[in-house]
$ cat model-v6.cif   # mmCIF, C-alpha atoms
data_target
loop_
_atom_site.label_atom_id
_atom_site.label_comp_id
_atom_site.auth_asym_id
_atom_site.auth_seq_id
_atom_site.Cartn_x
_atom_site.Cartn_y
_atom_site.Cartn_z
CA MET A 1 -55.86 -45.46 10.32
CA PHE A 2 -56.89 -43.69 7.09
CA THR A 3 -59.62 -41.18 8.01
CA ASN A 4 -60.22 -39.45 4.66
CA THR A 5 -60.62 -36.12 6.41
CA ASN A 6 -61.76 -33.35 4.08
CA ASN A 7 -60.12 -30.43 5.85
CA ILE A 8 -56.67 -31.12 7.29
CA GLN A 9 -55.22 -28.36 9.46
CA PRO A 10 -51.47 -27.98 10.07
CA PHE A 11 -50.29 -29.35 13.39
CA GLU A 12 -50.05 -26.68 16.09
CA SER A 13 -46.85 -28.25 17.40
CA LYS A 14 -44.40 -29.83 15.00
CA VAL A 15 -44.48 -33.61 14.71
CA TRP A 16 -40.83 -34.63 14.64
CA LEU A 17 -39.03 -37.39 12.83
CA SER A 18 -37.48 -38.72 16.05
CA SER A 19 -36.75 -36.39 18.94
CA PRO A 20 -35.44 -37.11 22.46
CA THR A 21 -37.99 -38.47 24.92
CA MET A 22 -37.04 -37.56 28.47
CA HIS A 23 -38.59 -38.90 31.67
CA GLY A 24 -37.10 -36.98 34.60
CA THR A 25 -34.92 -39.79 35.91
CA GLU A 26 -32.10 -38.49 33.75
CA MET A 27 -31.95 -35.24 35.72
CA GLU A 28 -31.40 -37.11 38.99
CA TYR A 29 -28.16 -38.60 37.66
CA VAL A 30 -27.06 -35.32 36.09
CA LYS A 31 -27.70 -33.65 39.44
CA GLU A 32 -25.64 -36.37 41.14
CA ALA A 33 -22.72 -35.58 38.83
CA TYR A 34 -23.10 -31.87 39.61
CA GLU A 35 -23.40 -32.28 43.39
CA THR A 36 -20.45 -34.68 43.63
CA ASN A 37 -18.43 -32.45 41.27
CA TRP A 38 -17.67 -35.33 38.88
CA MET A 39 -18.30 -33.27 35.75
CA SER A 40 -15.50 -34.54 33.54
CA THR A 41 -14.71 -37.93 32.02
CA VAL A 42 -14.62 -39.90 35.27
CA GLY A 43 -17.52 -40.79 37.55
CA THR A 44 -20.17 -43.25 38.69
CA ASN A 45 -22.49 -42.54 35.77
CA ILE A 46 -19.86 -43.62 33.26
CA SER A 47 -18.97 -46.85 35.02
CA GLU A 48 -22.64 -47.63 35.57
CA ILE A 49 -23.74 -47.23 31.94
CA GLU A 50 -20.80 -49.35 30.83
CA ARG A 51 -21.99 -52.05 33.22
CA VAL A 52 -25.62 -51.72 32.11
CA ALA A 53 -24.70 -51.76 28.41
CA CYS A 54 -22.85 -55.05 28.86
CA GLU A 55 -25.78 -56.49 30.80
CA VAL A 56 -28.49 -55.35 28.37
CA ILE A 57 -26.64 -56.04 25.12
CA GLY A 58 -24.75 -59.16 26.16
CA CYS A 59 -21.11 -58.24 25.63
CA ASP A 60 -18.18 -58.48 28.02
CA TYR A 61 -16.79 -54.95 27.77
CA ALA A 62 -18.19 -51.50 26.95
CA VAL A 63 -16.33 -48.20 26.72
CA ALA A 64 -18.37 -44.98 26.92
CA LEU A 65 -17.24 -42.43 24.32
CA SER A 66 -18.20 -38.98 23.11
CA SER A 67 -20.11 -40.23 20.06
CA GLY A 68 -20.98 -43.26 17.99
CA THR A 69 -18.55 -41.95 15.40
CA ALA A 70 -15.75 -41.98 17.99
CA ALA A 71 -16.66 -45.59 18.79
CA LEU A 72 -16.46 -46.52 15.11
CA HIS A 73 -13.14 -44.71 14.77
CA MET A 74 -11.71 -46.67 17.69
CA ALA A 75 -13.05 -49.90 16.16
CA VAL A 76 -11.35 -49.08 12.86
CA LYS A 77 -8.04 -48.52 14.65
CA LEU A 78 -8.41 -51.76 16.58
CA ALA A 79 -9.03 -53.60 13.31
CA GLY A 80 -5.67 -52.39 12.02
CA VAL A 81 -6.83 -50.04 9.26
CA LYS A 82 -3.89 -47.98 8.03
CA PRO A 83 -3.13 -45.84 4.97
CA GLY A 84 -3.90 -47.74 1.80
CA VAL A 85 -5.87 -50.54 3.50
CA LYS A 86 -9.13 -51.42 1.73
CA VAL A 87 -12.30 -51.89 3.79
CA PHE A 88 -15.70 -53.21 2.69
CA CYS A 89 -18.47 -50.91 3.96
CA SER A 90 -22.25 -50.75 3.91
CA ASP A 91 -23.27 -48.44 1.08
CA MET A 92 -26.67 -47.18 2.22
CA THR A 93 -25.90 -45.63 5.59
CA PHE A 94 -24.97 -42.36 7.26
CA ASP A 95 -21.44 -41.31 6.39
CA ALA A 96 -20.32 -41.74 10.03
CA THR A 97 -20.14 -45.45 9.23
CA VAL A 98 -17.51 -44.80 6.58
CA ASN A 99 -15.61 -41.64 7.52
CA PRO A 100 -13.49 -43.29 10.27
CA VAL A 101 -11.93 -45.52 7.61
CA VAL A 102 -10.69 -42.40 5.86
CA TYR A 103 -9.54 -40.86 9.18
CA GLU A 104 -7.01 -43.70 9.30
CA GLY A 105 -6.06 -43.37 5.63
CA GLY A 106 -8.03 -46.43 4.56
CA SER A 107 -9.98 -46.83 1.34
CA PRO A 108 -13.70 -47.70 1.56
CA ILE A 109 -15.20 -50.10 -0.97
CA PHE A 110 -18.98 -49.92 -0.94
CA ILE A 111 -21.20 -53.00 -0.93
CA ASP A 112 -24.71 -52.65 -2.34
CA SER A 113 -27.89 -53.29 -0.34
CA GLU A 114 -30.53 -55.99 -0.76
CA TYR A 115 -34.31 -55.53 -0.76
CA ASP A 116 -35.14 -57.95 2.09
CA THR A 117 -33.74 -55.73 4.87
CA TRP A 118 -32.19 -52.79 2.95
CA ASN A 119 -28.82 -53.75 4.46
CA MET A 120 -25.52 -55.05 3.05
CA ASP A 121 -26.12 -57.73 0.41
CA PRO A 122 -24.19 -60.93 1.21
CA VAL A 123 -24.16 -61.86 -2.48
CA ALA A 124 -22.49 -58.55 -3.31
CA LEU A 125 -20.08 -59.04 -0.40
CA GLU A 126 -19.07 -62.48 -1.68
CA ARG A 127 -18.47 -60.99 -5.09
CA ALA A 128 -16.42 -58.18 -3.56
CA PHE A 129 -14.11 -60.70 -1.87
CA LYS A 130 -13.53 -62.39 -5.21
CA LEU A 131 -12.50 -59.04 -6.67
CA TYR A 132 -10.49 -57.97 -3.61
CA PRO A 133 -9.49 -61.18 -1.77
CA ASP A 134 -6.96 -59.42 0.47
CA VAL A 135 -9.54 -57.26 2.29
CA LYS A 136 -9.60 -58.10 6.02
CA VAL A 137 -12.12 -55.63 7.49
CA VAL A 138 -15.88 -55.39 6.88
CA ILE A 139 -18.07 -52.66 8.40
CA PHE A 140 -21.79 -53.25 8.15
CA ALA A 141 -24.68 -51.21 9.55
CA HIS A 142 -28.20 -52.18 10.59
CA LEU A 143 -30.26 -49.57 8.74
CA TYR A 144 -33.05 -47.81 10.65
CA GLY A 145 -32.94 -50.38 13.43
CA VAL A 146 -33.46 -53.44 11.20
CA PRO A 147 -30.87 -56.22 11.58
CA GLY A 148 -29.09 -57.26 8.38
CA LYS A 149 -28.39 -60.78 7.14
CA ILE A 150 -25.92 -61.51 9.92
CA ASP A 151 -25.49 -65.27 9.45
CA GLU A 152 -24.62 -64.95 5.79
CA ILE A 153 -22.25 -62.03 6.33
CA ARG A 154 -20.43 -63.75 9.20
CA LYS A 155 -19.93 -66.95 7.24
CA ILE A 156 -18.44 -65.06 4.32
CA CYS A 157 -16.13 -63.05 6.58
CA GLU A 158 -14.99 -66.18 8.42
CA ARG A 159 -14.19 -67.86 5.12
CA TYR A 160 -11.99 -64.95 4.05
CA GLY A 161 -10.53 -64.26 7.50
CA ALA A 162 -12.02 -60.78 7.74
CA VAL A 163 -12.78 -58.86 10.94
CA ILE A 164 -16.33 -57.56 11.33
CA ILE A 165 -17.09 -54.11 12.73
CA GLU A 166 -20.79 -53.89 13.48
CA ASP A 167 -22.36 -50.43 13.27
CA ALA A 168 -25.36 -50.84 15.56
CA ALA A 169 -25.77 -47.07 16.04
CA GLU A 170 -29.40 -47.20 14.91
CA SER A 171 -30.30 -50.66 16.19
CA LEU A 172 -29.82 -50.65 19.98
CA GLY A 173 -32.33 -53.14 21.37
CA ALA A 174 -32.90 -54.94 18.07
CA THR A 175 -32.27 -58.70 18.07
CA TYR A 176 -31.21 -61.38 15.60
CA LYS A 177 -32.04 -64.95 16.58
CA GLY A 178 -32.64 -63.70 20.11
CA GLU A 179 -29.27 -61.96 20.44
CA GLN A 180 -28.82 -58.20 20.57
CA THR A 181 -27.18 -56.38 17.70
CA GLY A 182 -23.85 -54.97 18.78
CA THR A 183 -22.54 -58.46 19.66
CA PHE A 184 -21.90 -59.98 16.25
CA GLY A 185 -18.68 -58.23 15.27
CA LYS A 186 -15.29 -58.32 16.92
CA TYR A 187 -15.69 -54.58 17.56
CA ASN A 188 -19.09 -52.91 17.64
CA ALA A 189 -20.56 -49.44 18.11
CA ILE A 190 -23.83 -47.95 19.34
CA SER A 191 -24.96 -44.33 19.45
CA TYR A 192 -26.78 -42.17 22.00
CA ASN A 193 -27.28 -39.25 19.61
CA GLY A 194 -30.30 -37.02 20.18
CA ASN A 195 -32.58 -38.82 17.73
CA LYS A 196 -31.72 -42.41 18.72
CA ILE A 197 -33.92 -44.92 20.58
CA ILE A 198 -32.36 -43.72 23.86
CA THR A 199 -30.16 -40.66 24.09
CA GLY A 200 -27.58 -38.78 26.06
CA SER A 201 -27.95 -35.80 23.70
CA THR A 202 -24.71 -37.17 22.29
CA GLY A 203 -22.41 -40.06 23.08
CA GLY A 204 -21.67 -43.59 21.97
CA MET A 205 -20.22 -46.87 23.13
CA LEU A 206 -17.62 -49.31 21.86
CA LEU A 207 -18.65 -52.93 22.56
CA THR A 208 -16.37 -55.97 22.49
CA ASP A 209 -15.59 -59.27 24.18
CA ASP A 210 -11.86 -58.48 23.97
CA LYS A 211 -10.52 -57.04 27.24
CA ALA A 212 -7.24 -55.91 25.70
CA ALA A 213 -9.14 -54.04 23.00
CA ALA A 214 -11.39 -52.34 25.56
CA ASP A 215 -8.38 -51.31 27.65
CA LYS A 216 -6.65 -49.95 24.55
CA VAL A 217 -9.70 -47.79 23.71
CA ARG A 218 -9.91 -46.46 27.27
CA LYS A 219 -6.31 -45.33 26.85
CA TRP A 220 -6.63 -43.94 23.32
CA SER A 221 -9.82 -42.05 24.20
CA THR A 222 -8.09 -40.16 27.03
CA GLN A 223 -5.21 -38.82 24.91
CA ALA A 224 -3.24 -42.07 25.24
CA ARG A 225 -1.65 -41.04 28.52
CA GLU A 226 0.87 -43.50 29.88
CA ASN A 227 1.05 -44.69 33.49
CA ALA A 228 3.68 -42.19 34.63
CA PRO A 229 3.94 -39.42 37.28
CA TRP A 230 3.70 -36.81 34.52
CA TYR A 231 1.83 -36.56 31.21
CA GLN A 232 3.65 -39.16 29.15
CA HIS A 233 2.55 -39.83 25.56
CA GLU A 234 4.03 -42.58 23.40
CA GLU A 235 1.28 -42.96 20.80
CA LEU A 236 -1.46 -40.85 19.24
CA GLY A 237 -4.46 -40.25 21.48
CA TYR A 238 -7.92 -38.67 21.25
CA ASN A 239 -10.28 -36.67 23.44
CA TYR A 240 -13.09 -39.19 22.96
CA ARG A 241 -14.18 -40.20 26.48
CA MET A 242 -17.80 -39.54 27.46
CA SER A 243 -18.43 -36.98 30.19
CA ASN A 244 -20.04 -38.03 33.46
CA VAL A 245 -22.83 -35.51 32.81
CA VAL A 246 -23.80 -37.01 29.45
CA ALA A 247 -23.49 -40.46 31.01
CA GLY A 248 -26.05 -39.38 33.62
CA ILE A 249 -28.60 -38.74 30.88
CA VAL A 250 -27.87 -42.11 29.27
CA ARG A 251 -28.09 -43.81 32.66
CA GLY A 252 -31.56 -42.39 33.19
CA GLN A 253 -32.65 -43.45 29.71
CA TYR A 254 -31.67 -47.13 29.83
CA SER A 255 -34.62 -48.21 31.97
CA TYR A 256 -36.94 -46.88 29.25
CA LEU A 257 -35.34 -48.70 26.32
CA GLU A 258 -38.01 -51.40 26.06
CA GLU A 259 -40.78 -48.84 26.48
CA HIS A 260 -39.39 -46.73 23.65
CA ILE A 261 -39.10 -49.81 21.42
CA GLU A 262 -42.73 -50.77 22.08
CA GLN A 263 -43.87 -47.23 21.28
CA LYS A 264 -41.89 -47.25 18.04
CA LYS A 265 -43.31 -50.67 17.16
CA GLU A 266 -46.87 -49.41 17.58
CA ILE A 267 -46.08 -46.50 15.27
CA TYR A 268 -44.73 -48.91 12.64
CA LYS A 269 -47.82 -51.14 12.94
CA ARG A 270 -50.23 -48.19 12.61
CA TYR A 271 -48.44 -47.01 9.48
CA ARG A 272 -48.44 -50.53 8.02
CA GLU A 273 -52.18 -50.85 8.58
CA GLY A 274 -52.92 -47.30 7.48
CA VAL A 275 -51.19 -47.51 4.09
CA GLN A 276 -52.81 -50.78 3.08
CA GLY A 277 -54.31 -50.41 -0.36
CA LEU A 278 -51.69 -47.88 -1.45
CA PRO A 279 -48.91 -48.84 -3.90
CA VAL A 280 -46.30 -48.78 -1.14
CA GLN A 281 -44.54 -51.03 1.37
CA MET A 282 -42.96 -50.43 4.76
CA ASN A 283 -39.25 -50.99 5.39
CA PRO A 284 -38.98 -54.79 5.58
CA PHE A 285 -37.37 -57.22 8.00
CA ASP A 286 -37.02 -60.97 8.44
CA GLY A 287 -39.65 -61.70 11.08
CA GLU A 288 -38.47 -65.27 11.56
CA LYS A 289 -34.91 -64.31 12.46
CA SER A 290 -34.99 -60.75 13.70
CA GLU A 291 -36.91 -58.23 15.75
CA PRO A 292 -36.07 -54.59 14.86
CA ASN A 293 -36.14 -51.78 17.38
CA TYR A 294 -38.47 -49.97 14.93
CA TRP A 295 -36.45 -46.80 15.35
CA MET A 296 -37.56 -45.42 11.99
CA SER A 297 -40.71 -46.21 10.01
CA CYS A 298 -40.00 -45.90 6.29
CA LEU A 299 -42.01 -46.12 3.10
CA LEU A 300 -41.03 -47.47 -0.32
CA ILE A 301 -43.23 -46.49 -3.27
CA ASP A 302 -43.89 -49.10 -5.96
CA LYS A 303 -41.99 -48.42 -9.18
CA ASP A 304 -45.10 -48.08 -11.33
CA ALA A 305 -46.65 -45.67 -8.80
CA MET A 306 -43.77 -43.18 -8.93
CA CYS A 307 -44.49 -39.81 -10.49
CA ARG A 308 -41.62 -38.16 -12.34
CA GLN A 309 -38.90 -37.03 -9.94
CA VAL A 310 -35.48 -35.60 -10.75
CA ARG A 311 -32.78 -34.93 -8.17
CA SER A 312 -29.59 -32.95 -8.62
CA GLU A 313 -26.90 -32.79 -5.95
CA ARG A 314 -28.92 -30.37 -3.80
CA GLU A 315 -32.28 -29.79 -5.44
CA VAL A 316 -35.27 -31.83 -6.56
CA LEU A 317 -38.10 -31.43 -9.04
CA TYR A 318 -41.18 -33.60 -9.46
CA SER A 319 -44.25 -33.56 -11.61
CA LYS A 320 -47.58 -34.45 -10.01
CA GLU A 321 -49.41 -37.31 -11.74
CA ARG A 322 -52.86 -38.62 -10.90
CA GLY A 323 -52.74 -41.82 -8.86
CA LYS A 324 -48.99 -41.51 -8.37
CA SER A 325 -46.61 -39.81 -5.98
CA CYS A 326 -42.92 -39.68 -5.01
CA PRO A 327 -40.87 -39.12 -1.86
CA SER A 328 -40.31 -35.46 -2.71
CA GLU A 329 -44.03 -34.75 -2.92
CA ILE A 330 -44.90 -36.56 0.31
CA LEU A 331 -42.07 -34.88 2.21
CA GLU A 332 -43.04 -31.48 0.83
CA VAL A 333 -46.69 -31.89 1.86
CA LEU A 334 -45.76 -33.21 5.30
CA GLU A 335 -43.61 -30.14 5.84
CA GLN A 336 -46.56 -27.91 4.90
CA TYR A 337 -48.50 -29.49 7.76
CA HIS A 338 -45.59 -29.16 10.24
CA ALA A 339 -44.54 -32.81 10.19
CA GLU A 340 -40.91 -33.82 9.69
CA GLY A 341 -40.00 -36.60 7.29
CA ARG A 342 -36.69 -37.24 5.61
CA PRO A 343 -35.27 -38.88 2.48
CA ILE A 344 -33.68 -42.30 2.82
CA TRP A 345 -29.91 -42.12 3.41
CA LYS A 346 -28.28 -41.28 0.11
CA PRO A 347 -25.92 -44.20 -0.66
CA MET A 348 -22.24 -43.56 -0.14
CA HIS A 349 -21.30 -44.46 -3.72
CA MET A 350 -23.52 -41.57 -4.88
CA GLN A 351 -21.90 -39.01 -2.56
CA PRO A 352 -19.49 -36.58 -4.25
CA ILE A 353 -16.79 -37.27 -1.67
CA TYR A 354 -16.86 -41.03 -2.39
CA ARG A 355 -17.98 -41.13 -6.00
CA MET A 356 -14.64 -42.43 -7.23
CA ASN A 357 -14.51 -45.32 -4.76
CA PRO A 358 -15.28 -48.86 -5.90
CA PHE A 359 -18.90 -49.96 -5.56
CA ILE A 360 -19.89 -53.62 -5.77
CA THR A 361 -23.35 -54.95 -6.57
CA ALA A 362 -24.63 -58.52 -6.59
CA ASP A 363 -24.88 -58.75 -10.36
CA GLY A 364 -22.05 -56.63 -11.71
CA ASN A 365 -23.66 -53.23 -12.17
CA GLY A 366 -21.10 -51.31 -10.14
CA ARG A 367 -17.64 -49.76 -10.20
CA ALA A 368 -14.62 -52.03 -10.20
CA GLY A 369 -12.24 -49.24 -9.38
CA THR A 370 -11.56 -45.55 -9.87
CA ASN A 371 -14.16 -44.37 -12.35
CA ALA A 372 -14.23 -47.84 -13.97
CA TYR A 373 -17.73 -49.26 -14.31
CA ILE A 374 -18.38 -52.98 -14.37
CA SER A 375 -20.56 -53.77 -17.34
CA GLY A 376 -23.82 -55.58 -16.73
CA SER A 377 -27.57 -55.28 -16.98
CA GLY A 378 -28.15 -55.51 -13.22
CA SER A 379 -29.45 -53.02 -10.68
CA ASP A 380 -28.24 -50.59 -8.08
CA VAL A 381 -30.47 -51.50 -5.14
CA GLY A 382 -29.34 -48.70 -2.84
CA ALA A 383 -29.94 -46.01 -5.46
CA ASP A 384 -33.38 -47.47 -6.19
CA ILE A 385 -34.41 -47.44 -2.52
CA PHE A 386 -33.06 -43.89 -2.16
CA ASN A 387 -35.08 -42.83 -5.21
CA ARG A 388 -38.37 -44.41 -4.07
CA GLY A 389 -38.09 -44.32 -0.28
CA LEU A 390 -38.63 -41.89 2.57
CA CYS A 391 -38.56 -41.83 6.37
CA LEU A 392 -41.89 -41.03 8.00
CA PRO A 393 -42.41 -39.10 11.24
CA SER A 394 -41.51 -41.72 13.86
CA ASP A 395 -41.38 -39.76 17.09
CA ASN A 396 -42.60 -41.88 19.99
CA LYS A 397 -44.41 -38.86 21.45
CA MET A 398 -46.56 -38.61 18.33
CA LYS A 399 -50.24 -39.08 19.21
CA PRO A 400 -52.29 -41.71 17.32
CA GLU A 401 -54.61 -39.01 16.02
CA GLU A 402 -51.60 -37.09 14.68
CA GLN A 403 -50.36 -40.22 12.95
CA ASP A 404 -53.85 -40.71 11.45
CA VAL A 405 -53.54 -37.26 9.86
CA ILE A 406 -50.10 -38.14 8.46
CA ILE A 407 -51.53 -41.34 6.97
CA ASP A 408 -54.38 -39.32 5.52
CA ILE A 409 -51.86 -36.93 3.91
CA ILE A 410 -50.01 -39.88 2.33
CA HIS A 411 -53.27 -41.19 0.85
CA ARG A 412 -54.07 -37.76 -0.58
CA CYS A 413 -50.69 -37.60 -2.31
CA PHE A 414 -51.73 -40.62 -4.42
CA GLN A 415 -55.10 -39.14 -5.46
#
$ encode --input "model-v6.cif" --output "structure tokens"
Amino acid sequence: MFTNTNNIQPFESKVWLSSPTMHGTEMEYVKEAYETNWMSTVGTNISEIERVACEVIGCDYAVALSSGTAALHMAVKLAGVKPGVKVFCSDMTFDATVNPVVYEGGSPIFIDSEYDTWNMDPVALERAFKLYPDVKVVIFAHLYGVPGKIDEIRKICERYGAVIIEDAAESLGATYKGEQTGTFGKYNAISYNGNKIITGSTGGMLLTDDKAAADKVRKWSTQARENAPWYQHEELGYNYRMSNVVAGIVRGQYSYLEEHIEQKKEIYKRYREGVQGLPVQMNPFDGEKSEPNYWMSCLLIDKDAMCRQVRSEREVLYSKERGKSCPSEILEVLEQYHAEGRPIWKPMHMQPIYRMNPFITADGNGRAGTNAYISGSGSDVGADIFNRGLCLPSDNKMKPEEQDVIIDIIHRCFQ
């Protein structure tokens, strides 16, 4: 709630963007791993969280791995990505969504976002298939815990015979038409990184309904050892299996998933109420079809309320204007008061490492191929959201009175 406080003091303890929230139960399972001496990549904690993940999410098989990135890498291998193979990927996401394609020698083609959910635009995806009809793998992410336009994306992929890899790293617990994200692709991934809705400090999970695929990942993730009396290796393997200690933390966290989601939802609702009257909007979602996990509360500033802001590759400048603001100003002021915000993910097509890759928009304002721009008067939705958006402090241990101060700071930035 906007309080219009005259004298705001910096927070004594930092208000984080999204930090781990521990409850004590986790330590019991870690202690169990220690006392039974199952400290490596085998143990009850691992088998139990795989069982629980299947039960909670609604898939048939789950394989606990060292990270969400490892899960995505295994999914990419399962999908048959090899050197030279093109893959359609969400553009506005963390680069862990995309890097595994390159690990296997594949070539990412980036699909622009849409404004309704900030996720992959089905119109742009349809257009991409017309340009590259031979593509058979699509990786799409649910940004900040908000489900994308799953029905539309699935229909397009079915029509072109493409396999879906669902990056649900940020959306554990979010639902689309009553079903959990992480169940809509052939191969799917979630993350237990330190800032996620539940955590193991690290770790991830591959999810699938394909037993053969799950068995293959169990083998690959333990250095692809064959069933022989000695260490026999007939294909490339990886050290990707989750440890029983990390699994103990995850096991203790799972019973608090719904509680964490409710806490995050309340944070989102307080922000939404508190910024009413400002020229901004919260990160959107389709309330009729989906329920986010509200992992991250984000703000998008109206175009005509943006002060001048210029970003280079690593630096930013802005010019304060009365009645206007920009992400850089709000983030800078939040930092002064010991609160952590963050810019929106910088789209992949804008990253130096991927700047030469094709980028497809809904209306033709993209790159058809290496350094070849498609002419058109359209827009780059991802770049626009990156320019005008920011992630607000969304830690579920943040007190309501601390959030009131943050809302007050946002109001002041527009004065």
$ resolve_selection --input "model-v6.cif" --expression "the PyMOL selection byres ((chain A and resi 9) around 12)" --output "list of chain:residue names"
A:Thr5, A:Asn6, A:Asn7, A:Ile8, A:Pro10, A:Phe11, A:Glu12, A:Ser13, A:Val333, A:Leu334, A:Gln336, A:Tyr337, A:His338, A:Ala339, A:Glu402, A:Val405, A:Ile406, A:Asp408, A:Ile409
$ closest_atom_pairs --input "model-v6.cif" --of "range 90-169 of chain A" --to "range 66-82 of chain A" --cutoff "10 Å" --atoms "all atoms listed in the file" --output "tab-separated table"
residue	atom	partner	partner_atom	distance
A:Asp95	CA	A:Thr69	CA	9.5
A:Ala96	CA	A:Thr69	CA	5.7
A:Thr97	CA	A:Leu72	CA	7.0
A:Val98	CA	A:Leu72	CA	8.8
A:Asn99	CA	A:His73	CA	8.3
A:Pro100	CA	A:His73	CA	4.7
A:Val101	CA	A:Val76	CA	6.4
A:Val102	CA	A:Lys82	CA	9.1
A:Tyr103	CA	A:His73	CA	7.7
A:Glu104	CA	A:Lys82	CA	5.4
A:Gly105	CA	A:Lys82	CA	5.6
A:Gly106	CA	A:Lys82	CA	5.6
A:Ser107	CA	A:Val81	CA	9.1
A:Lys136	CA	A:Ala79	CA	8.6
A:Val137	CA	A:Ala79	CA	6.9
A:Val138	CA	A:Ala79	CA	9.6
A:Ile139	CA	A:Val76	CA	8.8
A:Ala162	CA	A:Ala79	CA	9.6
A:Val163	CA	A:Ala79	CA	6.9
A:Ile164	CA	A:Ala79	CA	8.5
A:Ile165	CA	A:Ala75	CA	6.8
A:Glu166	CA	A:Leu72	CA	8.7
A:Asp167	CA	A:Leu72	CA	7.3
A:Ala168	CA	A:Gly68	CA	9.1
A:Ala169	CA	A:Gly68	CA	6.4
$ resolve_selection --input "model-v6.cif" --expression "the PyMOL selection byres ((chain A and resi 234) around 12)" --output "PyMOL selection string"
chain A and resi 219-220+223-228+231-233+235-237
$ atom_distance --input "model-v6.cif" --atom1 "CA of Ser328 in chain A" --atom2 "CA of Val310 in chain A"
9.4 Å
$ atom_distance --input "model-v6.cif" --atom1 "CA of Pro284 in chain A" --atom2 "CA of Gly58 in chain A"
25.4 Å
$ decode --input "model-v6.cif" --residues "range 56-60 of chain A" --atoms "all heavy atoms" --output "short mmCIF file (atom, residue, chain, number, x, y, z; two decimals), in the first residue's frame"
data_model
loop_
_atom_site.label_atom_id
_atom_site.label_comp_id
_atom_site.auth_asym_id
_atom_site.auth_seq_id
_atom_site.Cartn_x
_atom_site.Cartn_y
_atom_site.Cartn_z
N VAL A 56 3.31 -34.71 -7.49
CA VAL A 56 2.89 -33.31 -7.43
C VAL A 56 2.64 -32.74 -8.83
O VAL A 56 1.64 -32.05 -9.06
CB VAL A 56 3.96 -32.47 -6.69
CG1 VAL A 56 3.68 -30.97 -6.84
CG2 VAL A 56 4.01 -32.84 -5.21
N ILE A 57 3.54 -33.03 -9.75
CA ILE A 57 3.48 -32.41 -11.07
C ILE A 57 2.54 -33.16 -12.01
O ILE A 57 1.88 -32.56 -12.86
CB ILE A 57 4.90 -32.29 -11.66
CG1 ILE A 57 5.74 -31.36 -10.77
CG2 ILE A 57 4.87 -31.76 -13.09
CD1 ILE A 57 7.22 -31.42 -11.04
N GLY A 58 2.49 -34.48 -11.87
CA GLY A 58 1.57 -35.25 -12.70
C GLY A 58 2.22 -35.88 -13.91
O GLY A 58 1.59 -36.04 -14.95
N CYS A 59 3.49 -36.27 -13.77
CA CYS A 59 4.18 -36.98 -14.85
C CYS A 59 4.48 -38.40 -14.40
O CYS A 59 4.35 -38.74 -13.22
CB CYS A 59 5.47 -36.24 -15.24
SG CYS A 59 6.64 -36.07 -13.88
N ASP A 60 4.90 -39.23 -15.33
CA ASP A 60 5.16 -40.64 -15.00
C ASP A 60 6.57 -40.88 -14.47
O ASP A 60 6.77 -41.77 -13.63
CB ASP A 60 4.93 -41.50 -16.25
CG ASP A 60 3.47 -41.59 -16.64
OD1 ASP A 60 2.60 -41.30 -15.78
OD2 ASP A 60 3.19 -41.92 -17.82
#
